Amino acid sequence: MKLRSITMSDVRQFSRPVHVGDIRDGLNVLSAPNEAGKSTLFDAIHALFFIPHRSSKIAPLRPDIGGNPQITIEIELPDGMHRLTKIWGRGKLAEVARDGRLIAKGDEAEAFISGLTLPADEGGPAGLLWVRQGVTALDEGSNKELKAAYQARRDLMSSVTGEFEALTGGKRMDRALTKAQADLDALVTQRGAKAGGAYDAALRNVAQLSGEHEALSARAQLLQEALKTRRAQRQMLRDLTDPAEVGARNTRLTEASAAFEAATRHADALRVAQAEFSRAEAAQSDAAQRLTRHQKTAAAVAKLQEDLAAAQPRADAAQAAVTAAKSALTDARNETELARDARRTADQRLQTALRAAARTAQLERHKALTDAVTEASDLIARLPDLRRAAQAGPDAKTAQVIDGAEQDLRLAQHLAAAAAPHIAVHYASENTPRVTLDGKDIDADAPLPVHRATTLHLPGIGDLVVTPGEAQDAPEQLAQAQRRLADLLNESQMPSASAARAAARDRQLAESELQSVLAHLKRVAPNGVEALKSEADTLMSGIPEPSEIDPDTAQTDVNIAAQAYDKAQIKLETARVHLDASEQAHLRATLARDSLSERLTEAKTVLDELPDIQLLRENCEAAQHALDLSHQALANLTSNAPNLDAARTARDRAADVVRNAEAEIAKLNVAIARSDATIETQAGDGVEEDLAEVDEQLTSARETVALFEQEIAVLRCLIAALVTAQSAARDRYFAPVLAELRPMLRLLWPDAELRFDGDSLLPSALIRDGQEDPIGTLSGGTREQIALLVRLAFARLLAGQGNHAPVILDDALVYTDDDRIEQMFNALHGQSGDLQILVFSCRNRALRALGGHMLSLAPGAAGEG
């Protein structure tokens with residue numbers, strides 16, 4: 001699958017249609033400032049492929065002013081161009097068209113789109129190849145996305161190696177591993193913190209405080225960030241237009257083009273030398289074969305004469321051995337028949353004794369099955385209530401959206417109060433008559449906000465009417481925030497945000513208990529209650545009668561009879577083999593004698609027809625001399641041959657850099673003008689006290705989380721030590737992805753290796769210079785680079801299987817320093833020949849050195865493809 005264009009409207013800040021077109025094979029780059037809509041475009045692609053058109057989960061993409069999100073993506077498949085369109089909300093729609101003709105609508109269109117990536121229940125490639133902004137690991141995302149990504153990795157690796165069962169089968173955990181796993185499960189699950197657990201509560205507290213801290217920090221730094229952005233844009237423009245940098249870009253392009261031409265000429269000369277060497281090598285081989293044939297033929301004639309003289313006595317001795325072997329075979333057959341009858345009788349007595357001994361075990365198994373039927377029936381009776389509870393109330397994501405709307409309302413209330421005019425009365429003395437509002441005195445020196453026309457009574461003077469005017473935006477923003485919160489509460493049928501949070505927590509607890517009961521039921525009755533009942537009835541109907549035969553005595557008799565029979569069999573087989581060997585020896589001796597005579601005659605004839613041996617030696621020496629001269633010429637050309645592919649890549653990259661710099665200069669001029677307008681409209685409000693208080697609470701909460709994480713790390717370390725024996729199987733299992741990953745990895749760290757975890761199928765440690773560093777201890781930049789390289793490796797494996805999937809990166813290199821980003825650019829540019837890669841970033845200056853095809857967000861008509 002290859003992406004070709006993307007069009008969206010009514011998606012977040014884009015109330016009007018925008019379009020990204022001309023997406024090509026290889027490396028595509030969309031570079032734009034923050035808030036330009038790159039992450040929105042990323043989320044729009046994700047929504048079209050993974051959110052059904054009838055779903056209400058599209059709310060986070062709907063604009064604040066309302067609207068019905070519409071997204072259209074054009075893709076190229078082996079059978080032609082396809083247009084995929086979805087509309088959510090009012091007029092919801094899903095359509096698929098191929099080469100301009102509609103081929104699917106509604107549920108059929110959803111099934112077609114789902115089949116392109118196989119995301120949720122079949123684990124397709126999309127979960128592997130999409131990197132969101134700020135993601136520095138491969139195990140981030142929702143539980144559903146993580147499960148899909150794991151299934152995709154397992155299916156892909158198993159299709160390549162066929163060793164998944166060898167990796168996961170046969171695990172035997174001792175008591176220590178069981179205890180450590182139980183302690184770890186009380187805190188975390190494979191998806192993260194255990195719902196309702198102490199660690200989960202600590203994480204939720206940190207998340208809530210972090211959100212408050214981020215909101216307060218953003219308000220305090222809004223204007224500073226706008227100024228910083230404009231300074232950076234101006235500096236970028238100066239850098240791009242600097243004559244020295246312009247000259248350096250043009251010089252690099254000229255030098256790279258000349259190097260590529262020189263490498264091409266050298267490659268042509270090398271091919272000519274290789275052809276000449278192959279011809280000389282063939283001539284030398286032919287001369288050597290002729291000489292060797294003459295020498296071997298002369299030696300063969302002498303040897304055949306000796307062998308023929310000794311062949312007749314061997315043929316006579318072989319005939320006598322055949323007669324003796326036939327007599328021995330007859331005796332062995334008689335002895336084997338007697339031993340077989342004795343063993344059959346002993347086996348019959350043993351089976352009778354064993355059936356009687358199994359009677360007690362069958363009765364015990366019947367009781368165990370009866371108990372299991374009772375327990376499974378009790379569990380099944382609990383399921384209806386648990387399922388109803390697990391579907392009642394809003395889910396966690398909906399509750400989070402309601403919380404965000406409540407926070408927006410509080411902020412709007414605060415902004416409305418801050419934006420309104422204020423009146424303050426300063427009285428001359430305590431005896432001065434008080435100004436009143438609606439019959440109540442106004443306090444001295446206390447600012448009073450005025451949102452509407454207000455009448456103040458001044459004793460002894462009269463009434464004072466204050467009209468604030470209608471140019472404020474804050475009241476309208478407050479009304480919008482109130483309406484949004486009310487709509488969300490009405491949609492989820494909740495009276496308040498706190499009630500929604502409580503209902504979401506109750507639903508999560510019910511879902512956890514439901515999964516626990518289902519897992520317990522699966523262990524007690526893996527094939528269902530009816531299967532247990534059927535097995536119990538079958539056991540009772542097949543209980544054998546008791547017997548007086550002792551099983552041990554019967555077994556001893558069987559062993560003795562079996563040994564006697566085995567000895568007779570060995571004797572019989574030995575006699576049969578001896579007879580076969582004797583007959584074959586006699587046949588071989590006779591045939592050898594006749595063959596030697598014929599071969600001797602033929603060898604003499606061949607020797608007489610061959611050329612003189614001295615002439616053959618001279619021809620061989622001349623051919624060897626010609627081969628040595630050709631080999632030396634080829635070695636001289638090979639030793640200093642330039643890398644043609646590297647020269648071509650360097651030339652293409654230099655050309656991309658020149659073109660991209662010219663395009664970016666034009667974009668920066670527009671961006672600076674927009675930044676100037678933005679700065680004029682921005683304002684900040686001091687929130688230092690609130691920020692300090694939240695910062696103190698957040699520090700305490702993070703310390704609590706750190707204690708839990710230390711305990712979790714110790715438990716995981718213990719569990720990892722107990723499963724070290726699986727490392728050999730893992731090495732074979734991950735060999736294909738490591739083979740794809742190793743060349744890219746060593747662009748950053750020579751001789752580096754990655755160690756993968758067999759349970760999650762993800763990297764667990766980076767090995768450099770013999771030192772193993774766990775992934776969690778690495779810097780954000782290093783984890784970011786590993787996450788990107790691993791996705792590229794999986795993408796190459798998918799391409800090798802014939803399943804091309806685009807690699808989409810949304811500011812995936814935000815933590816990478818200048819030196820390593822150059823190497824990452826080389827990796828992206830080098831892999832783009834086999835893959836389709838889309839890079840979204842706000843780092844305009846850094847991406848000038850990446851190269852590739854530049855994309856842009858442009859106005860477009862609704863439905864445009």
# chains A, B, ... in the order shown; residues from 1 in each chain; ligands from 1

$ residues_around --residues "stretch 569-579 of chain A" --least-positions-apart "5" --cutoff "12 Å" --atoms "only C-alpha atoms" --output "short mmCIF file (atom, residue, chain, number, x, y, z; two decimals) with N, CA and C atoms, in the first residue's frame"
data_model
loop_
_atom_site.label_atom_id
_atom_site.label_comp_id
_atom_site.auth_asym_id
_atom_site.auth_seq_id
_atom_site.Cartn_x
_atom_site.Cartn_y
_atom_site.Cartn_z
N ALA A 318 33.52 -65.92 -2.18
CA ALA A 318 32.19 -65.35 -1.94
C ALA A 318 31.09 -66.38 -2.17
N GLN A 319 31.24 -67.32 -3.14
CA GLN A 319 30.24 -68.35 -3.40
C GLN A 319 30.09 -69.28 -2.21
N ALA A 320 31.22 -69.66 -1.55
CA ALA A 320 31.16 -70.56 -0.39
C ALA A 320 30.48 -69.87 0.79
N ALA A 321 30.67 -68.57 0.98
CA ALA A 321 30.06 -67.84 2.10
C ALA A 321 28.55 -67.76 1.95
N VAL A 322 28.02 -67.71 0.73
CA VAL A 322 26.57 -67.66 0.50
C VAL A 322 25.89 -68.93 0.98
N THR A 323 26.47 -70.09 0.69
CA THR A 323 25.87 -71.38 1.09
C THR A 323 25.77 -71.48 2.61
N ALA A 324 26.79 -71.07 3.38
CA ALA A 324 26.76 -71.15 4.84
C ALA A 324 25.73 -70.18 5.44
N ALA A 325 25.56 -69.00 4.88
CA ALA A 325 24.63 -68.01 5.41
C ALA A 325 23.18 -68.45 5.27
N LYS A 326 22.83 -69.18 4.20
CA LYS A 326 21.44 -69.65 4.02
C LYS A 326 21.04 -70.63 5.12
N SER A 327 21.94 -71.52 5.52
CA SER A 327 21.64 -72.49 6.58
C SER A 327 21.42 -71.77 7.92
N ALA A 328 22.22 -70.77 8.26
CA ALA A 328 22.07 -70.05 9.52
C ALA A 328 20.75 -69.27 9.57
N LEU A 329 20.26 -68.77 8.46
CA LEU A 329 19.01 -68.02 8.43
C LEU A 329 17.81 -68.91 8.75
N THR A 330 17.80 -70.15 8.27
CA THR A 330 16.69 -71.07 8.56
C THR A 330 16.59 -71.33 10.05
N ASP A 331 17.72 -71.58 10.75
CA ASP A 331 17.70 -71.83 12.20
C ASP A 331 17.18 -70.61 12.96
N ALA A 332 17.54 -69.42 12.57
CA ALA A 332 17.13 -68.21 13.29
C ALA A 332 15.63 -67.98 13.15
N ARG A 333 15.03 -68.29 12.01
CA ARG A 333 13.58 -68.10 11.83
C ARG A 333 12.79 -68.99 12.78
N ASN A 334 13.17 -70.23 12.95
CA ASN A 334 12.46 -71.14 13.84
C ASN A 334 12.50 -70.62 15.28
N GLU A 335 13.64 -70.16 15.73
CA GLU A 335 13.78 -69.67 17.11
C GLU A 335 12.94 -68.41 17.33
N THR A 336 12.81 -67.52 16.35
CA THR A 336 12.03 -66.29 16.48
C THR A 336 10.54 -66.56 16.63
N GLU A 337 9.99 -67.55 15.92
CA GLU A 337 8.56 -67.89 16.02
C GLU A 337 8.20 -68.33 17.42
N LEU A 338 9.05 -69.16 18.06
CA LEU A 338 8.78 -69.61 19.43
C LEU A 338 8.78 -68.43 20.40
N ALA A 339 9.72 -67.50 20.28
CA ALA A 339 9.82 -66.35 21.18
C ALA A 339 8.64 -65.40 21.00
N ARG A 340 8.12 -65.25 19.77
CA ARG A 340 6.98 -64.37 19.53
C ARG A 340 5.73 -64.88 20.25
N ALA A 562 9.99 -60.35 26.35
CA ALA A 562 10.43 -59.36 25.36
C ALA A 562 11.92 -59.45 25.10
N GLN A 563 12.72 -59.68 26.18
CA GLN A 563 14.16 -59.82 26.00
C GLN A 563 14.50 -61.03 25.14
N ALA A 564 13.78 -62.15 25.42
CA ALA A 564 14.03 -63.35 24.62
C ALA A 564 13.67 -63.13 23.16
N GLN A 584 25.55 -60.27 -1.89
CA GLN A 584 26.02 -59.06 -2.55
C GLN A 584 27.52 -59.11 -2.79
N ALA A 585 28.25 -59.69 -1.81
CA ALA A 585 29.70 -59.80 -1.99
C ALA A 585 30.05 -60.69 -3.18
N HIS A 586 29.26 -61.83 -3.30
CA HIS A 586 29.50 -62.73 -4.43
C HIS A 586 29.21 -62.03 -5.76
#

$ residues_around --residues "stretch 41-52 of chain A" --least-positions-apart "5" --cutoff "7 Å" --atoms "only C-alpha atoms" --output "number ranges by chain"
A: 71, 86, 110, 113-114, 810

$ atom_distance --atom1 "atom CA of A:Thr398" --atom2 "atom CA of A:Ala500"
8.5 Å

$ residues_around --residues "stretch 100-104 of chain A" --least-positions-apart "6" --cutoff "9 Å" --atoms "only C-alpha atoms" --output "ChimeraX atom specification"
/A:81-83,94,110,112

$ write_last_selection --atoms "all heavy atoms" --output "PDB file, in the first residue's frame"
ATOM      1  N   MET A  81      -5.550   2.644  -8.343  1.00  0.00           N
ATOM      2  CA  MET A  81      -5.674   3.731  -7.381  1.00  0.00           C
ATOM      3  C   MET A  81      -7.025   3.618  -6.664  1.00  0.00           C
ATOM      4  O   MET A  81      -8.060   3.361  -7.298  1.00  0.00           O
ATOM      5  CB  MET A  81      -5.579   5.088  -8.086  1.00  0.00           C
ATOM      6  CG  MET A  81      -4.222   5.361  -8.710  1.00  0.00           C
ATOM      7  SD  MET A  81      -2.920   5.532  -7.466  1.00  0.00           S
ATOM      8  CE  MET A  81      -3.497   6.990  -6.612  1.00  0.00           C
ATOM      9  N   HIS A  82      -7.022   3.836  -5.348  1.00  0.00           N
ATOM     10  CA  HIS A  82      -8.236   3.751  -4.534  1.00  0.00           C
ATOM     11  C   HIS A  82      -8.393   5.051  -3.741  1.00  0.00           C
ATOM     12  O   HIS A  82      -7.413   5.596  -3.233  1.00  0.00           O
ATOM     13  CB  HIS A  82      -8.161   2.579  -3.552  1.00  0.00           C
ATOM     14  CG  HIS A  82      -8.204   1.240  -4.216  1.00  0.00           C
ATOM     15  ND1 HIS A  82      -7.174   0.762  -5.011  1.00  0.00           N
ATOM     16  CD2 HIS A  82      -9.163   0.255  -4.197  1.00  0.00           C
ATOM     17  CE1 HIS A  82      -7.497  -0.451  -5.454  1.00  0.00           C
ATOM     18  NE2 HIS A  82      -8.670  -0.777  -4.974  1.00  0.00           N
ATOM     19  N   ARG A  83      -9.649   5.515  -3.642  1.00  0.00           N
ATOM     20  CA  ARG A  83      -9.964   6.673  -2.816  1.00  0.00           C
ATOM     21  C   ARG A  83     -10.813   6.202  -1.632  1.00  0.00           C
ATOM     22  O   ARG A  83     -11.889   5.628  -1.831  1.00  0.00           O
ATOM     23  CB  ARG A  83     -10.713   7.731  -3.612  1.00  0.00           C
ATOM     24  CG  ARG A  83     -11.173   8.919  -2.752  1.00  0.00           C
ATOM     25  CD  ARG A  83     -11.906   9.960  -3.554  1.00  0.00           C
ATOM     26  NE  ARG A  83     -11.019  10.621  -4.501  1.00  0.00           N
ATOM     27  CZ  ARG A  83     -11.417  11.583  -5.338  1.00  0.00           C
ATOM     28  NH1 ARG A  83     -12.682  11.976  -5.347  1.00  0.00           N
ATOM     29  NH2 ARG A  83     -10.564  12.133  -6.183  1.00  0.00           N
ATOM     30  N   ALA A  94     -19.067   6.137   4.766  1.00  0.00           N
ATOM     31  CA  ALA A  94     -17.802   5.459   4.468  1.00  0.00           C
ATOM     32  C   ALA A  94     -17.890   4.928   3.036  1.00  0.00           C
ATOM     33  O   ALA A  94     -18.839   4.215   2.692  1.00  0.00           O
ATOM     34  CB  ALA A  94     -17.536   4.316   5.443  1.00  0.00           C
ATOM     35  N   GLU A 110     -15.973  -0.238   5.384  1.00  0.00           N
ATOM     36  CA  GLU A 110     -15.188  -0.392   6.625  1.00  0.00           C
ATOM     37  C   GLU A 110     -14.375  -1.679   6.605  1.00  0.00           C
ATOM     38  O   GLU A 110     -13.202  -1.711   7.006  1.00  0.00           O
ATOM     39  CB  GLU A 110     -16.125  -0.396   7.840  1.00  0.00           C
ATOM     40  CG  GLU A 110     -16.763   0.921   8.169  1.00  0.00           C
ATOM     41  CD  GLU A 110     -15.799   1.919   8.798  1.00  0.00           C
ATOM     42  OE1 GLU A 110     -14.601   1.592   8.945  1.00  0.00           O
ATOM     43  OE2 GLU A 110     -16.229   3.023   9.111  1.00  0.00           O
ATOM     44  N   PHE A 112     -13.299  -3.273   3.952  1.00  0.00           N
ATOM     45  CA  PHE A 112     -12.207  -3.114   2.974  1.00  0.00           C
ATOM     46  C   PHE A 112     -11.044  -2.327   3.580  1.00  0.00           C
ATOM     47  O   PHE A 112      -9.874  -2.721   3.462  1.00  0.00           O
ATOM     48  CB  PHE A 112     -12.747  -2.392   1.744  1.00  0.00           C
ATOM     49  CG  PHE A 112     -11.718  -2.187   0.660  1.00  0.00           C
ATOM     50  CD1 PHE A 112     -11.555  -3.120  -0.354  1.00  0.00           C
ATOM     51  CD2 PHE A 112     -10.884  -1.074   0.672  1.00  0.00           C
ATOM     52  CE1 PHE A 112     -10.603  -2.945  -1.348  1.00  0.00           C
ATOM     53  CE2 PHE A 112      -9.935  -0.891  -0.311  1.00  0.00           C
ATOM     54  CZ  PHE A 112      -9.795  -1.815  -1.318  1.00  0.00           C
TER      55      PHE A 112
END

$ atom_distance --atom1 "atom CA of A:Leu184" --atom2 "atom CA of A:Ser516"
16.3 Å

$ residues_around --residues "A:Asp769" --least-positions-apart "3" --cutoff "10 Å" --atoms "only C-alpha atoms" --output "VMD selection string"
chain A and resid 749 to 753 772

$ residues_around --residues "A:Arg501" --least-positions-apart "2" --cutoff "10 Å" --atoms "only C-alpha atoms" --output "mmCIF file with N, CA and C atoms, in the first residue's frame"
data_model
loop_
_atom_site.group_PDB
_atom_site.id
_atom_site.type_symbol
_atom_site.label_atom_id
_atom_site.label_comp_id
_atom_site.auth_asym_id
_atom_site.auth_seq_id
_atom_site.Cartn_x
_atom_site.Cartn_y
_atom_site.Cartn_z
ATOM 1 N N GLY A 393 -21.905 3.190 32.117
ATOM 2 C CA GLY A 393 -21.136 4.406 32.350
ATOM 3 C C GLY A 393 -20.134 4.686 31.240
ATOM 4 N N PRO A 394 -19.512 5.874 31.265
ATOM 5 C CA PRO A 394 -18.537 6.245 30.222
ATOM 6 C C PRO A 394 -17.235 5.493 30.398
ATOM 7 N N ASP A 395 -16.503 5.327 29.288
ATOM 8 C CA ASP A 395 -15.182 4.718 29.388
ATOM 9 C C ASP A 395 -14.177 5.776 29.840
ATOM 10 N N ALA A 396 -12.908 5.316 30.067
ATOM 11 C CA ALA A 396 -11.880 6.207 30.623
ATOM 12 C C ALA A 396 -11.596 7.378 29.690
ATOM 13 N N THR A 398 -13.650 8.857 27.503
ATOM 14 C CA THR A 398 -14.741 9.829 27.559
ATOM 15 C C THR A 398 -14.666 10.663 28.832
ATOM 16 N N ALA A 399 -14.371 9.995 29.974
ATOM 17 C CA ALA A 399 -14.226 10.726 31.238
ATOM 18 C C ALA A 399 -13.091 11.731 31.158
ATOM 19 N N GLN A 400 -12.004 11.369 30.472
ATOM 20 C CA GLN A 400 -10.871 12.291 30.319
ATOM 21 C C GLN A 400 -11.276 13.509 29.490
ATOM 22 N N ILE A 402 -14.301 14.780 29.296
ATOM 23 C CA ILE A 402 -15.175 15.592 30.162
ATOM 24 C C ILE A 402 -14.328 16.394 31.150
ATOM 25 N N ASP A 403 -13.283 15.761 31.725
ATOM 26 C CA ASP A 403 -12.381 16.488 32.633
ATOM 27 C C ASP A 403 -11.747 17.675 31.919
ATOM 28 N N MET A 494 -24.535 11.845 32.160
ATOM 29 C CA MET A 494 -23.950 12.032 33.477
ATOM 30 C C MET A 494 -24.383 13.409 34.011
ATOM 31 N N SER A 496 -22.716 15.301 36.250
ATOM 32 C CA SER A 496 -21.575 16.185 36.500
ATOM 33 C C SER A 496 -20.294 15.487 36.089
ATOM 34 N N ALA A 497 -19.194 16.277 36.017
ATOM 35 C CA ALA A 497 -17.892 15.702 35.667
ATOM 36 C C ALA A 497 -17.417 14.732 36.739
ATOM 37 N N SER A 498 -17.648 15.064 38.015
ATOM 38 C CA SER A 498 -17.221 14.152 39.082
ATOM 39 C C SER A 498 -17.986 12.829 39.008
ATOM 40 N N ALA A 499 -19.287 12.910 38.669
ATOM 41 C CA ALA A 499 -20.060 11.669 38.517
ATOM 42 C C ALA A 499 -19.533 10.843 37.344
ATOM 43 N N ALA A 503 -18.195 7.051 37.618
ATOM 44 C CA ALA A 503 -18.756 5.980 36.795
ATOM 45 C C ALA A 503 -17.680 5.299 35.960
ATOM 46 N N ALA A 504 -16.713 6.074 35.449
ATOM 47 C CA ALA A 504 -15.620 5.486 34.664
ATOM 48 C C ALA A 504 -14.767 4.565 35.526
ATOM 49 N N ARG A 505 -14.494 5.010 36.786
ATOM 50 C CA ARG A 505 -13.722 4.123 37.683
ATOM 51 C C ARG A 505 -14.485 2.829 37.962
ATOM 52 N N ASP A 506 -15.814 2.936 38.223
ATOM 53 C CA ASP A 506 -16.614 1.720 38.476
ATOM 54 C C ASP A 506 -16.575 0.797 37.264
ATOM 55 N N ARG A 507 -16.654 1.373 36.070
ATOM 56 C CA ARG A 507 -16.626 0.535 34.851
ATOM 57 C C ARG A 507 -15.289 -0.176 34.705
#

$ residues_around --residues "A:Ala858" --least-positions-apart "2" --cutoff "8 Å" --atoms "only C-alpha atoms" --output "number ranges by chain"
A: 18-20, 856, 860

$ closest_residue --among "A:Ala111, A:Ala589, A:Leu596, A:Leu379" --to "A:Glu306" --atoms "only C-alpha atoms"
A:Leu596

$ select_by_dssp --residues "stretch 411-625 of chain A" --states "strand (DSSP E or B)" --output "MDAnalysis selection string"
chainID A and resid 422:423 425 436:437 440:441 444 448:449 454:458 462:466

$ write_last_selection --atoms "N, CA, C and O atoms" --output "compact mmCIF listing (two decimals), in the first residue's frame"
# COMPACT_ATOMS: atom_id res chain seq x y z
N HIS A 422 -13.28 46.67 36.13
CA HIS A 422 -13.42 46.57 37.58
C HIS A 422 -13.64 47.99 38.18
O HIS A 422 -13.10 48.96 37.68
N ILE A 423 -14.44 48.02 39.23
CA ILE A 423 -14.71 49.27 39.96
C ILE A 423 -14.23 49.08 41.39
O ILE A 423 -14.51 48.05 42.02
N VAL A 425 -13.93 51.33 45.20
CA VAL A 425 -14.34 52.55 45.92
C VAL A 425 -13.37 52.75 47.09
O VAL A 425 -13.13 51.83 47.87
N THR A 436 -23.83 51.62 47.28
CA THR A 436 -24.56 50.35 47.31
C THR A 436 -24.82 49.84 45.90
O THR A 436 -24.92 50.62 44.95
N LEU A 437 -24.92 48.51 45.81
CA LEU A 437 -25.27 47.80 44.57
C LEU A 437 -26.34 46.79 44.91
O LEU A 437 -26.10 45.89 45.73
N LYS A 440 -26.96 46.44 48.62
CA LYS A 440 -25.88 45.97 49.49
C LYS A 440 -24.69 46.91 49.37
O LYS A 440 -24.36 47.39 48.28
N ASP A 441 -23.99 47.13 50.54
CA ASP A 441 -22.83 48.00 50.54
C ASP A 441 -21.68 47.36 49.77
O ASP A 441 -21.49 46.14 49.81
N ALA A 444 -14.80 48.53 50.87
CA ALA A 444 -13.74 49.48 50.50
C ALA A 444 -12.57 48.77 49.85
O ALA A 444 -12.16 47.69 50.31
N LEU A 448 -14.40 45.21 41.96
CA LEU A 448 -15.68 44.58 41.62
C LEU A 448 -15.76 44.46 40.09
O LEU A 448 -15.79 45.46 39.39
N PRO A 449 -15.76 43.20 39.53
CA PRO A 449 -15.85 43.05 38.07
C PRO A 449 -17.24 43.42 37.56
O PRO A 449 -18.25 43.15 38.22
N THR A 454 -24.54 48.06 34.99
CA THR A 454 -24.71 48.00 36.45
C THR A 454 -25.00 49.41 37.00
O THR A 454 -24.36 50.39 36.60
N THR A 455 -25.97 49.49 37.94
CA THR A 455 -26.35 50.78 38.55
C THR A 455 -25.86 50.83 40.00
O THR A 455 -26.21 49.95 40.80
N LEU A 456 -25.04 51.82 40.32
CA LEU A 456 -24.52 52.01 41.68
C LEU A 456 -25.23 53.23 42.31
O LEU A 456 -25.39 54.28 41.66
N HIS A 457 -25.62 53.08 43.57
CA HIS A 457 -26.28 54.19 44.28
C HIS A 457 -25.25 54.91 45.13
O HIS A 457 -24.60 54.32 45.99
N LEU A 458 -25.06 56.22 44.88
CA LEU A 458 -24.13 57.05 45.61
C LEU A 458 -24.93 57.95 46.56
O LEU A 458 -25.64 58.88 46.10
N GLY A 462 -26.72 60.43 43.91
CA GLY A 462 -27.67 59.84 42.97
C GLY A 462 -27.19 58.46 42.50
O GLY A 462 -26.44 57.78 43.22
N ASP A 463 -27.59 58.08 41.29
CA ASP A 463 -27.21 56.76 40.74
C ASP A 463 -26.13 56.94 39.67
O ASP A 463 -26.17 57.88 38.87
N LEU A 464 -25.18 55.95 39.67
CA LEU A 464 -24.10 55.92 38.67
C LEU A 464 -24.25 54.64 37.84
O LEU A 464 -24.22 53.53 38.39
N VAL A 465 -24.45 54.78 36.52
CA VAL A 465 -24.64 53.62 35.63
C VAL A 465 -23.32 53.34 34.91
O VAL A 465 -22.76 54.24 34.27
N VAL A 466 -22.84 52.10 35.02
CA VAL A 466 -21.59 51.67 34.38
C VAL A 466 -21.93 50.64 33.30
O VAL A 466 -22.55 49.61 33.60

$ atom_distance --atom1 "atom CA of A:Gln482" --atom2 "atom CA of A:Ala692"
28.2 Å
